[in-house]
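Have a look at coords.cif below; it lists mmCIF, C-alpha atoms.
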data_input
#
loop_
_atom_site.label_atom_id
_atom_site.label_comp_id
_atom_site.auth_asym_id
_atom_site.auth_seq_id
_atom_site.Cartn_x
_atom_site.Cartn_y
_atom_site.Cartn_z
CA MET A 1 41.85 118.23 139.09
CA THR A 2 38.15 117.99 139.86
CA PHE A 3 36.33 119.36 142.89
CA THR A 4 33.18 118.63 144.85
CA VAL A 5 31.14 120.91 147.12
CA ARG A 6 29.40 119.35 150.10
CA ARG A 7 27.88 120.30 153.43
CA ILE A 8 30.41 120.42 156.26
CA GLU A 9 30.41 117.77 158.98
CA ASP A 10 31.79 117.65 162.53
CA GLY A 11 34.95 115.90 161.33
CA ASP A 12 35.82 118.85 159.05
CA HIS A 13 36.72 121.32 161.78
CA ASP A 14 40.48 120.74 161.63
CA ALA A 15 40.42 121.16 157.86
CA ILE A 16 38.39 124.36 158.14
CA ASN A 17 40.83 125.74 160.71
CA GLY A 18 43.65 124.89 158.31
CA LEU A 19 42.01 126.99 155.61
CA HIS A 20 41.57 129.87 158.06
CA ARG A 21 45.24 129.58 159.01
CA VAL A 22 46.32 129.93 155.37
CA VAL A 23 44.51 133.27 154.99
CA GLY A 24 45.34 134.53 158.48
CA TRP A 25 41.80 134.54 159.82
CA PRO A 26 40.89 133.61 163.40
CA ARG A 27 40.38 129.91 164.06
CA ARG A 28 37.81 128.38 166.35
CA SER A 29 38.34 125.74 168.98
CA GLU A 30 36.60 122.40 168.58
CA ALA A 31 34.14 123.54 171.26
CA GLY A 32 33.59 126.76 169.32
CA TRP A 33 32.74 124.93 166.12
CA ARG A 34 30.35 122.63 168.00
CA TRP A 35 28.71 125.68 169.59
CA LEU A 36 28.25 127.27 166.18
CA ALA A 37 26.85 124.06 164.68
CA GLY A 38 24.41 123.91 167.59
CA ASN A 39 22.82 127.22 166.56
CA PRO A 40 19.12 126.65 167.37
CA ALA A 41 17.93 128.54 164.27
CA ARG A 42 20.12 126.44 162.00
CA ILE A 43 18.87 123.22 163.54
CA GLU A 44 15.19 124.14 163.31
CA SER A 45 15.60 125.18 159.65
CA ASP A 46 17.67 122.07 158.80
CA ALA A 47 20.21 124.30 157.07
CA ALA A 48 23.85 123.49 156.41
CA ALA A 49 26.42 124.83 158.86
CA GLY A 50 28.53 125.58 155.78
CA TRP A 51 30.04 124.05 152.66
CA LEU A 52 33.46 122.63 151.88
CA ILE A 53 35.26 122.35 148.55
CA ALA A 54 37.34 119.19 148.30
CA SER A 55 39.62 117.99 145.49
CA ASP A 56 39.31 114.55 143.95
CA GLN A 57 42.10 113.51 146.37
CA GLY A 58 39.96 114.64 149.30
CA GLU A 59 42.05 117.73 150.00
CA PRO A 60 40.05 120.68 151.45
CA CYS A 61 40.43 123.68 149.14
CA GLY A 62 37.62 126.04 150.11
CA PHE A 63 34.96 126.83 152.68
CA THR A 64 32.06 129.08 153.47
CA GLY A 65 30.12 129.16 156.70
CA ASN A 66 26.36 129.55 156.88
CA PHE A 67 25.00 131.45 159.87
CA VAL A 68 21.21 131.16 160.13
CA GLN A 69 18.98 133.39 162.25
CA ARG A 70 15.31 133.43 163.09
CA PHE A 71 13.43 136.59 162.14
CA HIS A 72 10.03 137.91 163.21
CA ARG A 73 7.54 140.01 161.29
CA GLY A 74 4.41 140.42 163.35
CA GLY A 75 3.25 136.87 164.02
CA ASP A 76 5.31 135.34 161.22
CA VAL A 77 8.60 133.53 161.78
CA LEU A 78 11.17 133.57 158.96
CA HIS A 79 14.75 132.41 158.59
CA GLY A 80 17.65 134.26 156.98
CA ALA A 81 21.25 133.24 156.38
CA THR A 82 24.52 135.10 156.17
CA GLY A 83 27.59 133.60 154.52
CA PHE A 84 30.85 134.00 156.41
CA SER A 85 34.55 133.17 156.07
CA ILE A 86 34.49 132.54 152.32
CA ILE A 87 37.87 130.97 151.52
CA VAL A 88 39.09 129.47 148.23
CA LEU A 89 42.73 128.43 147.86
CA PRO A 90 44.59 129.39 144.64
CA ARG A 91 44.70 125.78 143.44
CA ALA A 92 40.89 125.81 143.41
CA LYS A 93 40.67 129.11 141.54
CA GLY A 94 37.24 129.58 139.99
CA GLN A 95 35.48 127.34 142.50
CA SER A 96 34.20 130.25 144.59
CA ARG A 97 31.18 130.44 142.31
CA ARG A 98 30.15 126.93 143.40
CA LEU A 99 30.39 127.89 147.06
CA LEU A 100 28.39 131.05 146.54
CA ARG A 101 25.83 129.18 144.44
CA ALA A 102 25.34 126.62 147.24
CA PHE A 103 24.82 129.47 149.70
CA VAL A 104 22.55 131.65 147.55
CA GLU A 105 20.37 128.78 146.35
CA GLN A 106 19.77 127.13 149.73
CA PRO A 107 16.04 126.71 150.39
CA GLY A 108 13.91 128.00 153.23
CA MET A 109 15.50 131.45 153.69
CA PHE A 110 13.71 134.75 153.17
CA ALA A 111 17.15 136.33 152.56
CA ARG A 112 20.70 135.18 151.85
CA TYR A 113 23.19 137.96 152.51
CA THR A 114 26.59 139.17 153.58
CA PHE A 115 27.30 142.37 155.47
CA ASN A 116 31.05 141.78 155.58
CA ALA A 117 32.32 141.69 151.99
CA ASN A 118 35.85 142.95 151.43
CA PRO A 119 36.75 145.37 148.59
CA ALA A 120 37.98 142.58 146.30
CA SER A 121 34.90 140.37 146.66
CA SER A 122 32.26 143.10 146.72
CA PRO A 123 31.67 143.23 142.92
CA ILE A 124 31.20 139.46 142.73
CA TYR A 125 27.90 139.30 144.58
CA LYS A 126 25.85 141.01 141.88
CA LEU A 127 26.58 137.96 139.69
CA TYR A 128 24.36 135.98 142.06
CA ASP A 129 21.45 138.42 141.97
CA MET A 130 22.47 139.94 145.28
CA VAL A 131 21.74 143.66 145.59
CA ALA A 132 23.24 146.36 147.79
CA TRP A 133 21.37 146.57 151.10
CA PRO A 134 20.42 148.76 152.88
CA ARG A 135 20.18 150.85 149.75
CA ALA A 136 21.52 154.13 151.15
CA THR A 137 24.02 152.77 153.70
CA HIS A 138 25.37 149.51 152.26
CA ASP A 139 28.87 151.03 151.93
CA LEU A 140 29.05 152.88 155.24
CA LYS A 141 30.74 152.08 158.55
CA LEU A 142 30.88 154.52 161.46
CA ALA A 143 33.91 154.77 163.76
CA TRP A 144 34.75 157.09 166.66
CA ARG A 145 38.38 157.38 167.77
CA VAL A 146 38.90 157.45 171.53
CA ASP A 147 42.70 156.97 171.49
CA ALA A 148 44.18 158.87 168.55
CA LEU A 149 47.78 157.91 169.37
CA THR A 150 47.08 154.17 169.31
CA CYS A 151 45.06 154.54 166.10
CA ALA A 152 48.08 156.30 164.58
CA GLY A 153 50.23 153.39 165.70
CA GLY A 154 47.92 151.04 163.84
CA ARG A 155 48.26 153.10 160.66
CA LEU A 156 52.04 153.02 161.04
CA TRP A 157 52.14 149.23 161.38
CA ARG A 158 49.84 148.83 158.38
CA GLU A 159 52.25 150.92 156.33
CA VAL A 160 55.17 148.78 157.50
CA ASP A 161 53.21 145.67 156.55
CA ARG A 162 52.52 147.13 153.10
CA ARG A 163 56.10 148.17 152.39
CA ALA A 164 58.14 145.53 154.24
CA PRO A 165 55.92 142.66 155.45
CA GLN A 166 59.00 140.60 156.37
CA LEU A 167 59.49 142.97 159.33
CA ILE A 168 56.17 141.94 160.88
CA ASP A 169 56.29 139.04 163.33
CA PRO A 170 52.78 137.52 163.09
CA ALA A 171 53.21 135.88 166.49
CA ARG A 172 53.69 139.21 168.26
CA GLU A 173 50.66 141.24 169.24
CA ARG A 174 51.11 144.98 168.86
CA LEU A 175 49.23 147.83 170.54
CA MET A 176 48.01 145.81 173.51
CA ASN A 177 47.39 147.48 176.89
CA PRO A 178 46.70 146.29 180.45
CA ARG A 179 43.21 147.82 180.50
CA LEU A 180 42.02 145.02 178.20
CA SER A 181 42.39 142.39 180.92
CA ALA A 182 41.63 144.56 183.95
CA PRO A 183 38.24 144.36 185.68
CA ALA A 184 35.85 146.75 183.96
CA GLN A 185 35.30 150.03 185.80
CA LEU A 186 32.31 151.54 184.06
CA ASP A 187 30.99 155.06 184.50
CA LEU A 188 27.40 154.95 183.28
CA PRO A 189 24.84 157.78 183.35
CA ASP A 190 21.50 157.54 185.08
CA GLY A 191 19.07 155.44 183.05
CA ILE A 192 21.74 153.14 181.57
CA HIS A 193 22.91 149.98 183.29
CA VAL A 194 24.71 146.75 182.51
CA LEU A 195 22.17 144.18 181.39
CA ASP A 196 22.93 141.06 183.41
CA ASP A 197 19.47 139.50 183.65
CA LEU A 198 18.52 137.68 180.46
CA SER A 199 16.03 135.30 182.01
CA ASP A 200 12.75 134.58 180.26
CA ARG A 201 10.81 136.70 182.80
CA SER A 202 13.22 139.63 182.95
CA ALA A 203 12.76 143.29 182.08
CA TYR A 204 14.72 142.55 178.92
CA ALA A 205 12.18 139.86 177.99
CA ASP A 206 9.46 142.52 178.28
CA PHE A 207 11.50 144.77 175.99
CA TRP A 208 11.83 142.00 173.42
CA THR A 209 8.08 141.38 173.56
CA ALA A 210 7.41 145.08 172.95
CA LEU A 211 9.98 145.22 170.14
CA ARG A 212 8.47 142.23 168.37
CA ALA A 213 4.95 143.63 168.79
CA GLU A 214 5.87 146.69 166.69
CA GLY A 215 5.56 144.46 163.62
CA ARG A 216 8.90 145.31 162.01
CA LEU A 217 10.99 142.64 160.31
CA ILE A 218 13.61 141.97 162.96
CA ALA A 219 16.18 139.33 163.87
CA ASP A 220 15.38 137.30 166.98
CA ARG A 221 16.82 139.03 170.03
CA SER A 222 14.93 136.97 172.59
CA PRO A 223 16.56 136.26 175.96
CA ALA A 224 17.24 132.68 174.85
CA VAL A 225 19.05 133.82 171.70
CA LEU A 226 21.18 136.36 173.60
CA ARG A 227 22.05 133.72 176.20
CA TRP A 228 23.20 131.44 173.37
CA ARG A 229 25.19 134.22 171.69
CA LEU A 230 26.99 135.08 174.93
CA SER A 231 27.87 131.43 175.59
CA ASP A 232 30.37 131.31 172.70
CA PRO A 233 33.28 129.33 174.22
CA ASP A 234 35.86 131.20 172.11
CA LEU A 235 35.12 134.59 173.63
CA THR A 236 38.08 135.91 175.58
CA LEU A 237 36.38 139.05 176.88
CA LYS A 238 32.77 139.33 177.83
CA PRO A 239 30.68 141.51 175.46
CA LEU A 240 29.29 144.59 177.14
CA VAL A 241 25.49 144.61 177.10
CA LEU A 242 23.78 147.84 178.17
CA ALA A 243 20.11 148.65 178.68
CA TYR A 244 18.39 152.03 178.57
CA ARG A 245 15.41 152.51 180.87
CA ARG A 246 12.54 154.95 180.79
CA ASP A 247 9.99 154.94 183.63
CA GLY A 248 11.44 151.66 184.86
CA ALA A 249 11.07 149.78 181.57
CA ILE A 250 13.83 148.90 179.12
CA THR A 251 13.24 150.80 175.89
CA GLY A 252 16.60 150.23 174.16
CA TYR A 253 19.72 148.14 174.40
CA ALA A 254 23.23 147.82 172.93
CA MET A 255 25.79 145.04 172.73
CA ALA A 256 29.47 145.84 172.16
CA MET A 257 32.34 143.37 171.79
CA PRO A 258 36.08 143.98 172.27
CA ALA A 259 37.97 142.76 169.19
CA LYS A 260 41.39 142.99 167.56
CA ASN A 261 41.32 142.43 163.82
CA ASN A 262 44.89 141.15 163.57
CA PRO A 263 48.21 141.37 165.47
CA ILE A 264 49.06 144.88 164.20
CA GLU A 265 45.64 146.51 164.57
CA PRO A 266 44.59 148.36 167.74
CA PRO A 267 41.79 146.95 169.90
CA VAL A 268 38.32 148.12 168.91
CA LEU A 269 35.00 148.13 170.74
CA GLU A 270 32.66 146.81 168.04
CA ILE A 271 28.99 147.70 168.41
CA ILE A 272 27.38 144.39 167.51
CA ASP A 273 23.81 145.53 168.12
CA ILE A 274 21.88 148.64 169.03
CA VAL A 275 18.10 148.93 168.82
CA ALA A 276 15.28 150.79 170.55
CA LEU A 277 11.50 150.97 170.49
CA LYS A 278 10.05 153.20 167.78
CA ASP A 279 8.74 155.80 170.23
CA GLU A 280 12.01 156.01 172.20
CA PRO A 281 14.07 158.97 170.88
CA ALA A 282 16.92 159.06 173.39
CA ALA A 283 18.07 155.47 173.87
CA ILE A 284 20.33 155.02 170.84
CA PRO A 285 22.37 158.25 171.09
CA GLU A 286 22.73 157.91 174.85
CA LEU A 287 23.82 154.28 174.62
CA VAL A 288 26.45 155.21 172.03
CA GLU A 289 27.62 158.12 174.20
CA ALA A 290 27.98 155.69 177.13
CA LEU A 291 30.06 153.33 175.00
CA LEU A 292 32.27 156.18 173.82
CA ALA A 293 32.78 157.39 177.39
CA ASN A 294 33.89 153.95 178.58
CA ALA A 295 35.73 152.57 175.56
CA HIS A 296 39.19 153.87 176.53
CA GLY A 297 38.84 152.41 180.02
CA LEU A 298 38.03 149.06 178.43
CA GLY A 299 41.24 149.20 176.40
CA ALA A 300 39.76 150.15 173.01
CA ALA A 301 41.26 152.70 170.65
CA LYS A 302 38.00 153.31 168.82
CA VAL A 303 34.32 152.39 168.76
CA ARG A 304 32.87 151.14 165.50
CA ILE A 305 29.59 149.96 164.02
CA GLN A 306 30.01 148.10 160.74
CA THR A 307 26.43 147.74 159.50
CA VAL A 308 24.34 150.90 159.47
CA ASN A 309 20.72 151.53 158.49
CA ASP A 310 18.76 154.71 157.73
CA ASP A 311 16.82 154.63 160.99
CA LEU A 312 20.02 154.34 163.00
CA LEU A 313 21.53 157.35 161.20
CA ARG A 314 18.47 159.41 161.96
CA ARG A 315 18.43 158.46 165.63
CA LEU A 316 22.15 159.05 166.13
CA GLY A 317 21.74 162.69 165.19
CA PRO A 318 24.94 164.77 165.62
CA LEU A 319 26.95 161.65 166.53
CA VAL A 320 26.96 160.75 162.84
CA PHE A 321 29.01 163.87 162.09
CA SER A 322 31.56 163.20 164.83
CA ALA A 323 32.25 159.72 163.43
CA ARG A 324 34.72 158.79 160.72
CA HIS A 325 32.87 157.37 157.72
CA GLU A 326 34.70 154.16 156.86
CA GLY A 327 33.91 151.51 154.26
CA GLY A 328 33.11 152.88 150.84
CA TRP A 329 33.25 149.68 148.81
CA GLY A 330 29.76 148.24 149.35
CA HIS A 331 30.17 145.53 151.97
CA CYS A 332 26.44 144.69 152.34
CA HIS A 333 24.57 142.55 149.77
CA VAL A 334 21.37 140.52 149.90
CA LYS A 335 19.19 138.28 147.78
CA PHE A 336 15.59 138.24 148.96
CA GLU A 337 13.29 135.30 148.33
CA PRO A 338 10.78 136.54 145.73
CA GLY A 339 7.34 137.27 147.11
CA THR A 340 8.39 137.75 150.74
CA PRO A 341 6.38 140.73 152.06
CA GLY A 342 7.86 143.39 154.32
CA VAL A 343 11.50 142.96 153.36
CA HIS A 344 11.97 146.57 152.32
CA GLY A 345 11.46 147.65 155.91
CA TRP A 346 14.37 145.53 157.16
CA ALA A 347 16.82 147.76 159.05
CA PRO A 348 19.74 145.46 159.96
CA THR A 349 22.54 146.04 162.45
CA PRO A 350 25.78 144.02 162.72
CA PHE A 351 23.78 141.57 164.87
CA ASP A 352 21.98 140.40 161.71
CA GLY A 353 25.29 139.62 160.01
CA ASP A 354 28.35 137.62 161.00
CA TYR A 355 30.15 140.20 163.14
CA GLY A 356 29.09 138.60 166.42
CA ILE A 357 30.66 135.29 165.45
CA CYS A 358 33.60 136.28 163.22
CA GLN A 359 35.38 139.00 165.16
CA ARG A 360 38.91 138.07 166.18
CA PRO A 361 38.84 137.98 170.00
CA VAL A 362 41.34 140.10 171.88
CA PRO A 363 44.14 137.63 172.73
CA VAL A 364 44.25 137.78 176.51
CA GLY A 365 45.30 134.93 178.77
CA ALA A 366 42.70 132.62 180.25
CA GLU A 367 43.42 133.96 183.75
CA ALA A 368 42.46 137.47 182.58
CA ARG A 369 39.22 136.60 180.83
CA ARG A 370 35.98 138.25 181.81
CA THR A 371 33.63 135.38 181.04
CA ALA A 372 29.87 135.45 180.60
#

Show how you would write the structure in this file as structure tokens.
Amino acid sequence: MTFTVRRIEDGDHDAINGLHRVVGWPRRSEAGWRWLAGNPARIESDAAAGWLIASDQGEPCGFTGNFVQRFHRGGDVLHGATGFSIIVLPRAKGQSRRLLRAFVEQPGMFARYTFNANPASSPIYKLYDMVAWPRATHDLKLAWRVDALTCAGGRLWREVDRRAPQLIDPARERLMNPRLSAPAQLDLPDGIHVLDDLSDRSAYADFWTALRAEGRLIADRSPAVLRWRLSDPDLTLKPLVLAYRRDGAITGYAMAMPAKNNPIEPPVLEIIDIVALKDEPAAIPELVEALLANAHGLGAAKVRIQTVNDDLLRRLGPLVFSARHEGGWGHCHVKFEPGTPGVHGWAPTPFDGDYGICQRPVPVGAEARRTA
């Protein structure tokens, strides 16, 4: 059997969902795939939305998505790409290298990377000249338990799945709770508020202007990009976006998304992004404390951040020591375009990777959704 690798097209969405179904990963609606293909950064860079492996009979046998983002470094605009949902069926064994080659060798990107490699795939990336990044934290995830009993329930179900998977009904969601679909009742300290104005002339727009003016290499967090991110039609629960103010101005913000990795895992509040101005010492720890204080009320059993950088560790202070250190297998890898200046100052968060688009939404009914 021979195989071809080609860019995905709109008519491939059913086939891609079929591949996701085989491996038990969340599937997108047709509207969700169209939304993802309409990513403004992908369109302006003329990049592929992903690649498909097909057999000589036209049967889809593999896929990888390609999520492109715009980056800023001073006055320069760059593009970077993260690969997501890499799937290769057993009958196409060995073809993963062609998918990864298509991703790694795509033109026009200052970096091609993944921040979401699993333990089995992690060693593969070095074969494509991808290096561990960030150097000191590429294998670290931070998680804070806020409901120890529910977390213990998740460990119990994982053990059942390991020992007797036939006892697990994949259609039945475990460890759900009514707080997930109830209206959010937040208790926020002075100086932190829900960020609900993402207009181009908002206080958040001023924050983004100040952040970009610092000259760091940073993914685009403009109001327009956040509006697009929050318009994902497959979201079942609205991400929580918080702003930290000092003297009336926003000096830091965080975005957290409710997610449930699979039917037997407890709900988690995933910190998708957290960033503050360089001269703002309090925003990041206080935003995390606010998320921890409200996570249980939102139905989450723990709060987690899955991509960590050195600057974030420093700013979190004692919160680092109260967190469980998860990961350990090196889930973050990157290949930089040679000659691109400033890349060694890149301090990514999960926002830079695929976490904002690949989390499995909490499965609540449409009538219970808190929509953006």

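Shortest separation to Val320 in chain A among A:Asp161, A:Asp200, A:Asp14, A:Glu289 occurs at residue A:Glu289, atoms counted being all atoms listed in the file.
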
For the PyMOL selection byres ((chain A and resi 234) around 8), applied here, can you spell out every residue it catches as a VMD selection string?
chain A and resid 28 to 29 31 to 32 232 to 233 235 to 236 361

Could you tell me how far CA of Asp220 in chain A sits from CA of Tyr244 in chain A, in Å to one decimal place?
19.0 Å

So that I can check the surroundings of Leu127 in chain A, please list as an NGL selection string every protein, DNA and RNA residue that reaches within 12 Å of it, counting all atoms listed in the file and ignoring chain neighbours fewer than 3 positions away.
:A and (96-97 or 100-101 or 104 or 121-124 or 130-131 or 333-335)

Would you compute the distance between CA of Gly339 in chain A and CA of Val77 in chain A? Give it in Å to one decimal.
15.2 Å

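Residues matched by the PyMOL selection byres ((chain A and resi 74) around 8) in this structure: A:His72, A:Arg73, A:Gly75, A:Asp76, A:Arg212, A:Ala213, A:Glu214, A:Gly215, A:Arg216, A:Leu217.
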
I need the residue set behind the PyMOL selection byres ((chain A and resi 54-63) around 7) for this file; please write it as a ChimeraX atom specification.
/A:1-5,15-16,51-53,64-65,86-89,92

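Using all atoms listed in the file, the smallest distance between any of A:Asp12, A:Asp352, A:Ile250, A:Arg360 and Thr82 in chain A comes from A:Asp352.
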
Extract, using only C-alpha atoms, all DNA, RNA and protein residues at most 12 Å from Ser231 in chain A, discarding same-chain residues fewer than 5 positions from it, and format them as number ranges by chain.
A: 31-32, 34-36, 38-39, 224-226, 236-239, 356-357, 371-372

So that I have them on file, write out the residues from the current selection with C-alpha atoms, as a CSV table (one decimal), in the frame of the given file.
chain,number,residue,atom,x,y,z
A,31,ALA,CA,34.1,123.5,171.3
A,32,GLY,CA,33.6,126.8,169.3
A,34,ARG,CA,30.4,122.6,168.0
A,35,TRP,CA,28.7,125.7,169.6
A,36,LEU,CA,28.2,127.3,166.2
A,38,GLY,CA,24.4,123.9,167.6
A,39,ASN,CA,22.8,127.2,166.6
A,224,ALA,CA,17.2,132.7,174.8
A,225,VAL,CA,19.0,133.8,171.7
A,226,LEU,CA,21.2,136.4,173.6
A,236,THR,CA,38.1,135.9,175.6
A,237,LEU,CA,36.4,139.0,176.9
A,238,LYS,CA,32.8,139.3,177.8
A,239,PRO,CA,30.7,141.5,175.5
A,356,GLY,CA,29.1,138.6,166.4
A,357,ILE,CA,30.7,135.3,165.4
A,371,THR,CA,33.6,135.4,181.0
A,372,ALA,CA,29.9,135.4,180.6

Name all residues at most 9 Å from Phe115 in chain A (count all atoms listed in the file; drop same-chain ones fewer than 3 positions away) and give them as a list in words.
Thr82, Gly83, Trp133, His138, Gln306, Thr307, Gly330, His331, Cys332, His333, Val334, Pro350, Asp352, Gly353, Asp354 and Tyr355 of chain A

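Among the candidate residues A:Pro90, A:Leu242, A:Arg221, A:Ala81, the one lying nearest to Val22 in chain A is A:Pro90, with distances computed using all atoms listed in the file.
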
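Among the candidates A:Ala205, A:Ala49, A:Val146, A:Ile192, the one nearest to Leu292 in chain A when counting only C-alpha atoms is A:Val146.
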
Out of A:Trp228, A:Trp157, A:Phe67, A:Phe336, which residue has the shortest atom-to-atom distance to Ala111 in chain A when counting only C-alpha atoms?
A:Phe336

Could you give me, as a PyMOL selection string, the residues within 9 Å of Leu186 in chain A, counting only C-alpha atoms and dropping anything in the same chain fewer than 4 positions from it?
chain A and resi 293-294+297-298

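Closest approach to Ala136 in chain A among A:Ala323, A:Gly328, A:Asn177, A:Arg91 is made by A:Gly328 (distances from all atoms listed in the file).
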